[in-house]
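J.: Got entry.txt for you, compact mmCIF, C-alpha atoms:
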```txt
# COMPACT_ATOMS: atom_id res chain seq x y z
CA MET T 1195 -102.04 -224.65 -4.39
CA SER T 1196 -102.28 -228.18 -3.18
CA THR T 1197 -106.04 -228.45 -3.07
CA LYS T 1198 -108.56 -227.69 -5.77
CA PRO T 1199 -111.35 -225.34 -4.75
CA LYS T 1200 -114.55 -227.10 -3.81
CA PRO T 1201 -117.09 -224.40 -4.57
CA GLY T 1202 -119.87 -223.63 -2.15
CA LYS T 1203 -119.02 -226.10 0.54
CA ASP T 1204 -116.55 -225.08 3.12
CA ASN T 1205 -116.55 -221.32 2.86
CA PHE T 1206 -119.23 -221.69 5.52
CA THR T 1207 -116.67 -221.93 8.34
CA ARG T 1208 -114.76 -218.97 6.99
CA ASN T 1209 -117.85 -216.80 6.67
CA LEU T 1210 -119.00 -217.84 10.12
CA VAL T 1211 -115.62 -216.88 11.58
CA ILE T 1212 -115.66 -213.51 9.83
CA GLY T 1213 -119.20 -212.91 11.05
CA VAL T 1214 -118.35 -213.82 14.63
CA VAL T 1215 -115.18 -211.69 14.74
CA VAL T 1216 -116.85 -208.64 13.21
CA GLY T 1217 -119.93 -209.14 15.40
CA VAL T 1218 -118.01 -209.43 18.65
CA ILE T 1219 -115.88 -206.38 17.82
CA LEU T 1220 -119.00 -204.31 17.12
CA ILE T 1221 -120.68 -205.54 20.31
CA MET T 1222 -117.62 -204.43 22.30
CA LEU T 1223 -117.27 -201.15 20.44
CA VAL T 1224 -120.78 -199.75 20.79
CA PRO T 1225 -120.90 -199.61 24.63
CA THR T 1226 -117.39 -198.14 24.59
CA LEU T 1227 -118.43 -195.35 22.26
CA ILE T 1228 -121.46 -194.63 24.44
CA SER T 1229 -119.45 -194.66 27.68
CA LYS T 1230 -117.10 -191.97 26.36
CA GLN T 1231 -119.93 -189.49 25.90
CA THR T 1232 -120.31 -186.69 28.42
CA ASP T 1233 -122.99 -187.64 30.94
CA THR T 1234 -124.60 -184.33 31.89
CA SER T 1235 -126.62 -186.04 34.63
CA ALA T 1236 -123.49 -187.19 36.48
CA LYS T 1237 -123.14 -185.73 39.96
CA ILE T 1238 -120.47 -183.01 40.15
CA PRO T 1239 -118.56 -181.88 43.22
CA ALA T 1240 -118.70 -178.46 44.84
CA SER T 1241 -116.66 -175.84 42.99
CA VAL T 1242 -116.77 -177.72 39.71
CA SER T 1243 -117.94 -175.90 36.67
CA ALA T 1244 -119.20 -177.71 33.60
CA GLU T 1245 -118.48 -174.56 31.57
CA ARG T 1246 -114.83 -174.79 32.60
CA GLY T 1247 -114.39 -178.30 31.30
CA TYR T 1248 -115.68 -179.90 34.52
CA GLY T 1249 -112.54 -178.72 36.31
CA VAL T 1250 -112.31 -177.96 40.03
CA VAL T 1251 -112.34 -174.16 40.09
CA PHE T 1252 -110.74 -171.80 42.59
CA ASN T 1253 -111.52 -168.07 42.50
CA GLY T 1254 -113.93 -168.54 39.61
CA GLU T 1255 -115.67 -165.30 40.58
CA LEU T 1256 -112.62 -163.08 40.00
CA THR T 1257 -112.29 -161.00 36.88
CA GLY T 1258 -109.24 -159.34 35.40
CA VAL T 1259 -106.87 -161.98 36.76
CA PRO T 1260 -105.04 -164.72 34.81
CA VAL T 1261 -106.95 -167.97 34.37
CA ILE T 1262 -104.71 -171.00 34.82
CA ASP T 1263 -106.00 -174.39 33.68
CA VAL T 1264 -103.95 -177.35 34.88
CA TYR T 1265 -104.52 -180.73 33.22
CA GLU T 1266 -102.98 -183.51 35.25
CA ASP T 1267 -103.23 -187.15 36.23
CA PHE T 1268 -102.54 -188.06 39.84
CA GLN T 1269 -100.47 -191.03 38.70
CA CYS T 1270 -98.29 -189.07 36.25
CA PRO T 1271 -94.74 -188.73 37.60
CA VAL T 1272 -94.08 -185.52 35.65
CA CYS T 1273 -97.22 -184.04 37.21
CA ALA T 1274 -95.69 -184.73 40.62
CA GLN T 1275 -92.59 -182.80 39.47
CA PHE T 1276 -94.80 -179.96 38.32
CA GLU T 1277 -96.66 -179.94 41.63
CA ALA T 1278 -93.37 -179.97 43.55
CA ALA T 1279 -92.09 -177.04 41.50
CA GLN T 1280 -95.23 -174.90 41.22
CA GLY T 1281 -97.75 -176.22 43.75
CA ASP T 1282 -96.93 -173.67 46.46
CA TYR T 1283 -96.99 -170.84 43.96
CA LEU T 1284 -100.41 -171.90 42.63
CA GLU T 1285 -101.72 -172.16 46.20
CA SER T 1286 -100.44 -168.68 47.00
CA LEU T 1287 -102.14 -167.31 43.88
CA ILE T 1288 -105.37 -168.92 45.02
CA GLU T 1289 -105.05 -167.68 48.60
CA GLU T 1290 -104.17 -164.13 47.60
CA LYS T 1291 -106.92 -164.14 44.96
CA LYS T 1292 -104.47 -163.27 42.23
CA ALA T 1293 -105.61 -165.89 39.73
CA THR T 1294 -108.40 -168.24 38.82
CA VAL T 1295 -107.03 -171.77 38.94
CA VAL T 1296 -108.84 -174.75 37.44
CA PHE T 1297 -107.64 -178.30 38.07
CA HIS T 1298 -108.61 -180.95 35.54
CA THR T 1299 -107.91 -184.35 37.01
CA LEU T 1300 -107.52 -186.72 34.09
CA SER T 1301 -107.43 -190.48 34.43
CA PHE T 1302 -105.79 -191.86 31.31
CA ILE T 1303 -103.06 -193.77 33.14
CA GLY T 1304 -105.41 -196.32 34.63
CA THR T 1305 -108.07 -197.23 37.15
CA GLU T 1306 -106.05 -195.94 40.08
CA SER T 1307 -106.13 -192.50 38.45
CA VAL T 1308 -109.91 -192.75 38.41
CA LEU T 1309 -109.98 -193.65 42.11
CA ALA T 1310 -107.63 -190.78 42.96
CA ALA T 1311 -109.59 -188.26 40.89
CA ASN T 1312 -112.81 -189.40 42.54
CA ALA T 1313 -111.25 -189.03 45.99
CA ALA T 1314 -110.01 -185.54 45.04
CA ALA T 1315 -113.54 -184.60 44.03
CA CYS T 1316 -114.82 -185.90 47.36
CA SER T 1317 -112.21 -183.75 49.13
CA ALA T 1318 -113.42 -180.70 47.18
CA ASP T 1319 -116.77 -181.13 48.92
CA GLU T 1320 -114.90 -180.95 52.23
CA ASP T 1321 -112.98 -177.88 51.10
CA LYS T 1322 -109.73 -179.83 51.30
CA PHE T 1323 -108.97 -180.34 47.63
CA LEU T 1324 -105.64 -178.53 47.66
CA ALA T 1325 -104.44 -180.38 50.74
CA LEU T 1326 -105.27 -183.81 49.39
CA HIS T 1327 -103.97 -182.84 45.95
CA LYS T 1328 -100.58 -182.01 47.44
CA MET T 1329 -100.60 -185.09 49.65
CA LEU T 1330 -101.32 -187.47 46.77
CA TYR T 1331 -98.45 -186.09 44.71
CA GLN T 1332 -96.05 -186.20 47.63
CA THR T 1333 -96.85 -189.86 48.26
CA GLN T 1334 -97.35 -190.82 44.62
CA PRO T 1335 -96.75 -194.56 44.14
CA LYS T 1336 -95.55 -196.24 40.97
CA GLU T 1337 -98.19 -196.23 38.21
CA ASN T 1338 -100.89 -198.85 38.65
CA SER T 1339 -98.98 -200.63 41.37
CA GLY T 1340 -102.14 -201.31 43.34
CA ALA T 1341 -101.14 -198.89 46.10
CA TRP T 1342 -104.09 -196.58 45.59
CA THR T 1343 -107.29 -198.20 46.72
CA ASN T 1344 -110.41 -196.58 48.12
CA GLU T 1345 -109.17 -197.60 51.54
CA SER T 1346 -105.74 -196.00 51.15
CA LEU T 1347 -107.32 -192.88 49.63
CA VAL T 1348 -109.65 -192.54 52.63
CA SER T 1349 -106.66 -192.69 54.94
CA ALA T 1350 -104.82 -190.17 52.76
CA GLY T 1351 -107.86 -187.95 53.30
CA ASN T 1352 -107.73 -188.54 57.04
CA SER T 1353 -104.09 -187.55 57.08
CA VAL T 1354 -104.91 -184.11 55.69
CA GLY T 1355 -107.68 -183.63 58.19
CA ILE T 1356 -110.78 -184.97 56.45
CA SER T 1357 -112.59 -187.14 58.92
CA SER T 1358 -116.23 -186.98 57.87
CA GLU T 1359 -118.22 -190.09 57.11
CA SER T 1360 -119.56 -188.50 53.96
CA PHE T 1361 -116.01 -188.35 52.56
CA GLU T 1362 -115.46 -192.01 53.28
CA LYS T 1363 -118.75 -192.92 51.69
CA CYS T 1364 -118.04 -190.70 48.69
CA VAL T 1365 -114.67 -192.36 48.08
CA ASN T 1366 -115.90 -195.89 48.64
CA THR T 1367 -118.92 -195.60 46.38
CA GLY T 1368 -117.03 -193.84 43.60
CA GLU T 1369 -119.63 -191.11 43.81
CA TYR T 1370 -117.92 -188.95 41.20
CA ALA T 1371 -116.87 -191.65 38.74
CA GLY T 1372 -119.22 -190.19 36.13
CA TRP T 1373 -117.69 -186.77 36.68
CA VAL T 1374 -114.16 -188.21 36.23
CA ASN T 1375 -115.30 -189.49 32.86
CA ASN T 1376 -116.71 -186.06 31.99
CA VAL T 1377 -113.40 -184.38 32.85
CA ALA T 1378 -111.63 -186.74 30.47
CA ALA T 1379 -114.17 -186.17 27.70
CA ALA T 1380 -113.89 -182.39 28.08
CA ALA T 1381 -110.08 -182.55 27.94
CA ALA T 1382 -110.30 -184.67 24.81
CA GLN T 1383 -112.39 -181.95 23.21
CA GLU T 1384 -109.81 -179.37 24.32
CA ASP T 1385 -107.06 -181.28 22.50
CA VAL T 1386 -104.99 -181.96 25.62
CA ASN T 1387 -102.49 -184.63 24.61
CA SER T 1388 -100.19 -184.91 27.55
CA THR T 1389 -99.96 -184.23 31.26
CA PRO T 1390 -99.18 -181.92 32.80
CA THR T 1391 -100.58 -179.39 30.36
CA VAL T 1392 -101.13 -175.82 31.49
CA PHE T 1393 -103.19 -173.17 29.77
CA ILE T 1394 -102.80 -169.56 30.81
CA ASN T 1395 -105.77 -167.48 29.69
CA GLY T 1396 -106.57 -170.21 27.20
CA ASN T 1397 -103.11 -170.37 25.64
CA GLU T 1398 -101.21 -173.60 26.02
CA LEU T 1399 -97.90 -173.23 27.80
CA LYS T 1400 -95.26 -174.78 25.57
CA ARG T 1401 -93.77 -177.98 26.93
CA GLY T 1402 -90.40 -177.24 28.47
CA ASN T 1403 -88.64 -175.45 31.29
CA GLU T 1404 -91.50 -173.12 32.13
CA TYR T 1405 -93.24 -176.07 33.75
CA TYR T 1406 -90.45 -176.83 36.20
CA ASP T 1407 -88.75 -173.52 36.87
CA ARG T 1408 -90.56 -171.27 39.33
CA ALA T 1409 -89.25 -167.99 37.96
CA LEU T 1410 -90.06 -168.89 34.35
CA PHE T 1411 -93.53 -170.16 35.27
CA LYS T 1412 -94.25 -167.07 37.32
CA ALA T 1413 -93.16 -164.88 34.43
CA ALA T 1414 -95.46 -166.81 32.09
CA VAL T 1415 -98.41 -166.37 34.45
CA GLU T 1416 -97.75 -162.67 34.89
CA ARG T 1417 -97.41 -162.21 31.15
CA GLY T 1418 -100.90 -163.70 30.93
CA MET R 1280 -91.41 -223.65 -4.50
CA LYS R 1281 -95.17 -223.34 -4.28
CA GLU R 1282 -95.07 -225.15 -0.96
CA LEU R 1283 -92.49 -222.71 0.39
CA GLN R 1284 -94.69 -219.84 -0.71
CA LEU R 1285 -97.63 -221.25 1.24
CA TRP R 1286 -95.51 -221.42 4.38
CA PHE R 1287 -94.26 -217.90 3.84
CA GLY R 1288 -97.87 -216.79 3.50
CA LEU R 1289 -98.60 -218.34 6.89
CA LEU R 1290 -95.60 -216.58 8.42
CA ALA R 1291 -96.66 -213.24 6.96
CA ARG R 1292 -100.18 -213.72 8.30
CA LEU R 1293 -98.99 -214.61 11.78
CA VAL R 1294 -96.52 -211.71 11.97
CA LEU R 1295 -98.84 -209.05 10.58
CA GLY R 1296 -101.89 -210.45 12.37
CA GLY R 1297 -99.98 -210.89 15.62
CA VAL R 1298 -98.68 -207.32 15.51
CA LEU R 1299 -102.13 -205.89 14.82
CA LEU R 1300 -103.67 -207.98 17.59
CA LEU R 1301 -100.97 -206.91 20.04
CA ALA R 1302 -101.23 -203.25 19.05
CA GLY R 1303 -104.99 -203.31 19.51
CA TYR R 1304 -104.84 -205.25 22.75
CA LEU R 1305 -102.33 -202.83 24.31
CA LYS R 1306 -104.58 -199.89 23.47
CA TYR R 1307 -108.11 -201.06 24.01
CA ASP R 1308 -108.29 -200.53 27.77
CA GLU R 1309 -106.39 -197.23 27.62
CA LEU R 1310 -108.71 -195.46 25.26
CA ASP R 1311 -108.13 -191.98 26.69
CA LYS R 1312 -104.48 -192.44 25.82
CA SER R 1313 -105.33 -193.86 22.42
CA GLN R 1314 -107.37 -190.73 21.70
CA MET R 1315 -104.48 -188.55 22.86
CA ALA R 1316 -102.13 -190.42 20.56
CA VAL R 1317 -104.29 -189.78 17.50
CA ARG R 1318 -104.88 -186.13 18.40
CA ALA R 1319 -101.17 -185.54 18.88
CA TYR R 1320 -100.51 -186.18 15.18
CA GLU R 1321 -102.43 -182.96 14.49
CA MET R 1322 -103.72 -184.29 11.19
CA LEU R 1323 -107.43 -184.47 11.86
CA PRO R 1324 -110.11 -182.29 13.42
CA VAL R 1325 -110.27 -183.05 17.15
CA PRO R 1326 -113.68 -184.81 17.20
CA LEU R 1327 -112.67 -187.09 14.32
CA ALA R 1328 -109.31 -187.84 15.94
CA ASN R 1329 -111.11 -188.75 19.16
CA PHE R 1330 -113.46 -191.06 17.30
CA ILE R 1331 -110.58 -192.79 15.53
CA GLY R 1332 -108.72 -193.12 18.80
CA LEU R 1333 -111.68 -195.07 20.18
CA VAL R 1334 -112.34 -197.23 17.14
CA LEU R 1335 -108.81 -198.05 15.97
CA PRO R 1336 -107.86 -200.51 18.74
CA PHE R 1337 -110.99 -202.59 18.10
CA PHE R 1338 -110.39 -202.42 14.39
CA GLU R 1339 -106.82 -203.66 14.85
CA ILE R 1340 -107.90 -206.53 17.07
CA GLY R 1341 -110.49 -207.65 14.51
CA MET R 1342 -108.03 -207.45 11.62
CA GLY R 1343 -105.38 -209.27 13.62
CA LEU R 1344 -107.74 -212.13 14.47
CA LEU R 1345 -108.91 -212.50 10.90
CA LEU R 1346 -105.35 -212.58 9.57
CA ILE R 1347 -104.23 -215.15 12.14
CA LEU R 1348 -107.23 -217.35 11.44
CA GLY R 1349 -106.82 -216.80 7.73
CA ALA R 1350 -110.37 -215.66 7.05
CA GLY R 1351 -110.82 -213.02 4.34
CA ILE R 1352 -107.04 -212.68 3.95
CA ARG R 1353 -107.13 -210.64 0.80
CA PHE R 1354 -109.58 -208.06 2.06
CA THR R 1355 -107.93 -207.84 5.46
CA ALA R 1356 -104.49 -207.52 3.87
CA ALA R 1357 -105.79 -204.67 1.73
CA LEU R 1358 -107.14 -202.95 4.85
CA SER R 1359 -103.85 -203.37 6.67
CA VAL R 1360 -101.96 -201.94 3.69
CA LEU R 1361 -104.24 -198.95 3.82
CA LEU R 1362 -103.74 -198.65 7.57
CA MET R 1363 -99.94 -198.87 7.30
CA VAL R 1364 -99.90 -196.25 4.54
CA VAL R 1365 -101.88 -193.95 6.84
CA PHE R 1366 -99.48 -194.67 9.71
CA VAL R 1367 -96.42 -194.00 7.54
CA ILE R 1368 -97.93 -190.72 6.35
CA GLY R 1369 -98.86 -189.77 9.90
CA ILE R 1370 -95.43 -190.45 11.33
CA SER R 1371 -93.62 -188.81 8.41
CA GLN R 1372 -95.64 -185.63 8.62
CA ALA R 1373 -95.11 -185.47 12.39
CA TRP R 1374 -91.39 -185.83 11.80
CA ALA R 1375 -91.31 -183.30 8.99
CA ARG R 1376 -93.29 -180.74 10.99
CA GLY R 1377 -91.04 -181.24 13.99
CA LEU R 1378 -93.80 -182.35 16.36
CA SER R 1379 -92.61 -183.96 19.58
CA ILE R 1380 -94.91 -186.93 19.96
CA ASP R 1381 -94.81 -190.59 20.79
CA CYS R 1382 -96.00 -192.76 17.93
CA GLY R 1383 -98.52 -194.44 20.22
CA CYS R 1384 -98.34 -197.51 18.01
CA PHE R 1385 -98.45 -199.98 20.89
CA GLY R 1386 -100.20 -197.96 23.55
CA GLY R 1387 -98.83 -194.76 25.00
CA GLY R 1388 -98.77 -191.76 22.71
CA GLY R 1389 -99.30 -188.06 23.05
CA GLN R 1390 -96.80 -185.26 23.31
CA VAL R 1391 -93.34 -185.89 24.70
CA GLU R 1392 -90.57 -183.55 25.82
CA PRO R 1393 -88.97 -181.80 22.84
CA GLY R 1394 -86.04 -183.71 21.41
CA THR R 1395 -87.06 -187.12 22.74
CA ALA R 1396 -89.34 -188.19 19.89
CA ASN R 1397 -88.25 -191.22 17.86
CA TYR R 1398 -89.73 -191.48 14.40
CA LEU R 1399 -87.29 -193.67 12.52
CA THR R 1400 -88.01 -196.93 14.36
CA PRO R 1401 -91.79 -196.87 13.93
CA LEU R 1402 -91.37 -195.70 10.35
CA LEU R 1403 -89.11 -198.62 9.41
CA ARG R 1404 -91.31 -201.05 11.33
CA ASP R 1405 -94.48 -199.91 9.61
CA THR R 1406 -92.78 -200.02 6.24
CA GLY R 1407 -91.95 -203.67 6.92
CA PHE R 1408 -95.57 -204.42 7.84
CA LEU R 1409 -96.66 -202.56 4.75
CA ALA R 1410 -94.53 -204.91 2.66
CA LEU R 1411 -96.05 -207.96 4.36
CA GLY R 1412 -99.53 -206.58 3.73
CA ILE R 1413 -98.78 -206.03 0.05
CA TYR R 1414 -97.39 -209.56 -0.21
CA LEU R 1415 -100.51 -211.06 1.38
CA PHE R 1416 -102.75 -209.01 -0.83
CA ARG R 1417 -100.94 -210.27 -3.92
CA TYR R 1418 -100.49 -213.87 -2.68
CA PRO R 1419 -103.14 -214.64 -0.09
CA GLN R 1420 -102.67 -218.39 -0.43
CA SER R 1421 -101.16 -219.85 2.71
CA LYS R 1422 -101.08 -222.85 5.02
CA PHE R 1423 -103.78 -223.42 7.65
CA ALA R 1424 -106.11 -220.73 6.38
CA LEU R 1425 -109.87 -220.80 6.57
CA ASP R 1426 -110.02 -219.13 3.18
CA LYS R 1427 -110.52 -221.37 0.22
CA THR R 1428 -107.76 -220.92 -2.31
CA PRO R 1429 -109.14 -218.21 -4.57
CA PRO R 1430 -109.76 -219.19 -8.18
CA PRO R 1431 -106.96 -218.08 -10.53
CA ALA R 1432 -109.34 -215.72 -12.32
CA ALA R 1433 -109.74 -213.62 -9.19
CA ILE R 1434 -105.98 -213.24 -8.92
CA GLU R 1435 -105.65 -212.18 -12.52
CA LYS R 1436 -108.32 -209.56 -12.14
CA GLY R 1437 -106.44 -208.31 -9.10
CA ILE R 1438 -109.52 -207.93 -6.95
```
Written as structure tokens, that's how I'd like the structure from this file.

T.:
Amino acid sequence: MSTKPKPGKDNFTRNLVIGVVVGVILIMLVPTLISKQTDTSAKIPASVSAERGYGVVFNGELTGVPVIDVYEDFQCPVCAQFEAAQGDYLESLIEEKKATVVFHTLSFIGTESVLAANAAACSADEDKFLALHKMLYQTQPKENSGAWTNESLVSAGNSVGISSESFEKCVNTGEYAGWVNNVAAAAAQEDVNSTPTVFINGNELKRGNEYYDRALFKAAVERG
Amino acid sequence: MKELQLWFGLLARLVLGGVLLLAGYLKYDELDKSQMAVRAYEMLPVPLANFIGLVLPFFEIGMGLLLILGAGIRFTAALSVLLMVVFVIGISQAWARGLSIDCGCFGGGGQVEPGTANYLTPLLRDTGFLALGIYLFRYPQSKFALDKTPPPAAIEKGI
């Protein structure tokens, strides 16, 4: 203690600094808290159901079939493995109307996940969601490498046969950015802590081989 | 001896403050992941875990800045002790219950493949930070701090 306290004088700087730090943190925090709320006025794509956690729904009208909820992030490498292992099977279930499948495109890995999820939503309006979905996983770049831009996502869309101007506009304007946020908020409420996460009839499939082995996954789906 | 103690105080502030600042900085623009990380500990109701996942990074940044600048050291040290105790409890219970999660201490977090979770490293690390926090709470005097040296009476009362 080299200096004696001089009461009242230079605590001013200290208090000012504390005030500024606390103030700035609060100013940053409040808009963040607000932005994470579900925005019910956000535009949602065709075949999305708010009741199903804002997921993209296939065969939502069927009853008495298994309901498969897939939580994924287009940038997640393990999701690409899951898609490679089970994508065809899920598509066949959808085509043969043997299951209701709901895709929840999360975006926690970064902004490129948001762009990809938005583009996927745009493709749902063109009835090409599954095609683009598969394409994006097959050509998945390294996380946040800058490879996925609106431009590259439009050309990915073109390559699976989406050529409309409305798709291009939808991707470029981030038309479904609010929806992407809603998907994330809904998954947070559902306690989804990792991707891929699969729920079959509302029960979480335990992390492990069932995700990557076709026979085991099929058995899990058929068990219900 | 006193002089050495003041320098050690500075070191403790910079290490603890730097770590908190870094931890907050790495999480604050990945808030979805931060929320996942808190939920994965399965200690709190989901809405509360989500709220903490959003708030914690900002909280850490603020505490880190205050410690580095040396403003309100005692109070901030007490908060960081509290925080580290919560972290140690969280990690220990995850370990004891056999959860497979990433600690999410510096970004990341959430469930991981069974058998790949590492709890010992974060546990030891947080215990070290806990010790620094306790030291700073007991001896907040340090070099280059904005805080005035607290009067001896305050130290005796242990406020």

J.: So that I can see what lies close to Gly1349 (chain R), please list as a PyMOL selection string the residues with an atom at most 9 Å from it, counting all atoms listed in the file and leaving out residues fewer than 3 positions away in the same chain.

T.: (chain T and resi 1208) or (chain R and resi 1289+1292+1344-1346+1352+1419+1421-1426)

J.: Under the rule that only C-alpha atoms are counted, which of T:Thr1257, T:Asn1375, T:Ser1307, T:Ser1388 is the nearest residue to Lys1291 (chain T)?

T.: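 Counting only C-alpha atoms, the residue closest to Lys1291 (chain T) is T:Thr1257.
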
J.: Tell me the residues of chain R close to chain T, meaning within 9 Å using all atoms listed in the file, as a PyMOL selection string.

T.: chain R and resi 1281-1282+1285+1308-1312+1314-1319+1325-1326+1329-1330+1333-1334+1337-1338+1340-1342+1344-1345+1348-1351+1388-1393+1420-1421+1424-1430

J.: Contacts of Gly1377 (chain R) at 12 Å or less, counting only C-alpha atoms, minus same-chain residues fewer than 5 places along, as a PyMOL selection string?

T.: chain R and resi 1320-1321+1370-1372+1390-1391+1393-1398

J.: Kindly list the centre and edge lengths in Å, rounded to one decimal, for the axis-aligned box that covers all listed atoms of region 1317-1330 of chain R plus 3 Å on each of its six sides, as AutoDock Vina command-line options.

T.:
```
--center_x -107.1 --center_y -186.7 --center_z 15.2 --size_x 19.2 --size_y 14.8 --size_z 14.0
```

J.: Each residue of region 1293-1398 of chain T lying at most 9 Å from region 1252-1256 of chain T should get a row with its shortest atom-to-atom pair and the distance in Å to one decimal, counting only C-alpha atoms; could you produce that, ordered by chain and increasing number, as a Markdown table?

T.:
```
| residue | atom | partner | partner_atom | distance |
| --- | --- | --- | --- | --- |
| T:Ala1293 | CA | T:Asn1253 | CA | 6.9 |
| T:Thr1294 | CA | T:Asn1253 | CA | 4.8 |
| T:Val1295 | CA | T:Phe1252 | CA | 5.2 |
| T:Val1296 | CA | T:Phe1252 | CA | 6.2 |
| T:Phe1297 | CA | T:Phe1252 | CA | 8.5 |
```

J.: State, in Å with one decimal place, the distance from CA of Trp1342 (chain T) to CA of Gln1269 (chain T).

T.: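 Answer for the CA of Trp1342 (chain T) to CA of Gln1269 (chain T) separation: 9.6 Å.
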
J.: (-102.7, -206.7, 16.2) in this file's frame - what residues fall within 8 Å of it? Use all atoms listed in the file and give the answer as a ChimeraX atom specification.

T.: /R:1295-1304,1339-1340,1342-1344

J.: Which polymer residues, protein or nucleic acid, are no farther than 8 Å from (-96.9, -196.9, 2.2), counting only C-alpha atoms, as a PDB file with C-alpha atoms, in the coordinates of the input?

T.:
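Output below, filename out38.pdb:
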```pdb
ATOM      1  CA  VAL R1360    -101.960-201.940   3.690  1.00  0.00           C
ATOM      2  CA  LEU R1361    -104.240-198.950   3.820  1.00  0.00           C
ATOM      3  CA  MET R1363     -99.940-198.870   7.300  1.00  0.00           C
ATOM      4  CA  VAL R1364     -99.900-196.250   4.540  1.00  0.00           C
ATOM      5  CA  VAL R1365    -101.880-193.950   6.840  1.00  0.00           C
ATOM      6  CA  VAL R1367     -96.420-194.000   7.540  1.00  0.00           C
ATOM      7  CA  ILE R1368     -97.930-190.720   6.350  1.00  0.00           C
ATOM      8  CA  THR R1406     -92.780-200.020   6.240  1.00  0.00           C
ATOM      9  CA  LEU R1409     -96.660-202.560   4.750  1.00  0.00           C
TER      10      LEU R1409
END
```

J.: How far is it from CA of Glu1277 (chain T) to CA of Leu1324 (chain T), in Å with one decimal?

T.: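 Between CA of Glu1277 (chain T) and CA of Leu1324 (chain T) the gap is 10.9 Å.
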
J.: Quick one, how far is CA of Ala1315 (chain T) from CA of Tyr1370 (chain T)?

T.: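 These two atoms are separated by 6.8 Å.
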
J.: Let me make sure I understand: among R:Ala1375, R:Leu1362, R:Leu1290, R:Leu1305, which one has the smallest atom-to-atom distance to Asp1405 (chain R) if we use only C-alpha atoms?

T.: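 Checking each candidate against Asp1405 (chain R), we get R:Leu1362 as the closest.
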